[in-house]
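Asker: Before I ask anything, here is the structure I am working with.
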Amino acid sequence: MKKELEIKGNKSRIHLSIEYGDAIVPVIRCDDGFDRVPLKPIVELVGAQWEGQRRKTSPTKYLGKRLGTKTTTLKYGGTPQTCIRLDRVTTFLNSLNPENIRGMGNSDAADWLEGKHCEWDDLLHEYESASGVIKSGSDDKTKPLSNLFRMRNQTDNNKEKLALTQLINKELKAIGVDINDLRDDQMELKV
């Protein structure tokens, strides 16, 4: 799925392009600070049954809360629409069962969805378990590291930086992480 943001006048639109078809859905800026998109065109594009998906994503149900579902009236359309947060479209697609989509006769969409599920599962696994991934605040073991990184970044004294780097290496080894495995963006823990 490609996402291309198009700006036309005062209207922002997101273009969802999928190998077997595409749809253009407007991005709605909501009062709570989140951008949302109408769900129905996405459901229709994948070939799922709208009414079942509308019920499943009701704002009172778990999935609806997770997706940030709201009924919003489009400024230029005037029709109330069920919308989900733009940053949760992938979450919604991940909630769909490709076997059900295939059972409704949309094999291309089911195949695409299975491929995406596998890709997302692999990425999530890589994020959660890859060597050198450190999540700040997730474990008491990282707190000393956060402090050491912060101290190292605040000093201009090269000897202090070297000493703090050596302490960082020691702490990393203590939790089983080789500093050479860290990516550049992981060299500074955020608290």
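Ordering of the structure tokens sets the chain letters (A, B, ...); residue numbers start at 1 within each chain; ligands are numbered from 1 in the order shown.
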Which residues are close to Gly103 (chain A), i.e. within 12 Å by only C-alpha atoms, leaving aside same-chain residues fewer than 6 positions away? Reply as a ChimeraX atom specification.

Answerer: /A:47-49,97,109-111

Asker: Generate the output file for the selected residues, C-alpha atoms, as a PDB file, in the first residue's frame.

Answerer:
ATOM      1  CA  GLY A  47     -13.778  -6.379  -0.356  1.00  0.00           C
ATOM      2  CA  ALA A  48     -15.036  -6.842   3.198  1.00  0.00           C
ATOM      3  CA  GLN A  49     -18.672  -6.389   4.195  1.00  0.00           C
ATOM      4  CA  ASN A  97      -9.052 -12.124   8.135  1.00  0.00           C
ATOM      5  CA  ALA A 109      -7.231  -8.676  -1.901  1.00  0.00           C
ATOM      6  CA  ALA A 110      -6.864 -11.730   0.361  1.00  0.00           C
ATOM      7  CA  ASP A 111      -3.458 -12.572  -1.125  1.00  0.00           C
TER       8      ASP A 111
END

Asker: Name the residues in contact with Thr69 (chain A) at a cut-off of 6 Å, using only C-alpha atoms, excluding same-chain residues fewer than 4 positions from it; report them as a list in words.

Answerer: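 The residues satisfying every condition are Pro59, Gly64, Cys83 and Ile84 of chain A.
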
Asker: Would you mind listing what lies within 10 Å of Leu39 (chain A) as a list in words, with only C-alpha atoms counted and same-chain residues fewer than 5 positions away left out?

Answerer: Val25, Glu44, Trp50, Gln53, Arg54, Thr57, Thr69, Gln81, Thr82, Cys83, Ile84, Arg85, Leu86, Val89 and Phe92 of chain A

Asker: For region 30-99 of chain A versus region 120-131 of chain A, which residues have an atom no more than 10 Å away, and what is each residue's nearest atom pair and distance in Å rounded to one decimal, using only C-alpha atoms, chain-then-number order, as JSON lines?

Answerer:
{"residue": "A:Thr90", "atom": "CA", "partner": "A:Trp120", "partner_atom": "CA", "distance": 9.0}
{"residue": "A:Thr91", "atom": "CA", "partner": "A:Trp120", "partner_atom": "CA", "distance": 10.0}
{"residue": "A:Asn94", "atom": "CA", "partner": "A:Trp120", "partner_atom": "CA", "distance": 8.4}

Asker: What is the distance between CA of Asp31 (chain A) and CA of Arg88 (chain A), in Å to one decimal?

Answerer: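 Interatomic distance here is 17.1 Å.
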
Asker: Which one of A:Val46, A:Lys40, A:Asn147, A:Ser58 sits closest to Asp108 (chain A) if you count only C-alpha atoms?

Answerer: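 Among the listed residues, A:Val46 lies closest to Asp108 (chain A).
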
Asker: Out of A:Pro80, A:Ser146, A:Leu45, A:Arg36, which residue has the shortest atom-to-atom distance to Ile24 (chain A) when counting only C-alpha atoms?

Answerer: A:Leu45

Asker: Between CA of Glu119 (chain A) and CA of Arg29 (chain A), what is the spacing in Å?

Answerer: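 According to the coordinates, CA of Arg29 (chain A) and CA of Glu119 (chain A) are separated by 29.2 Å.
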
Asker: Which value, in Å to one decimal, gives the distance between CA of Gly52 (chain A) and CA of Arg66 (chain A)?

Answerer: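 A separation of 17.1 Å between them.
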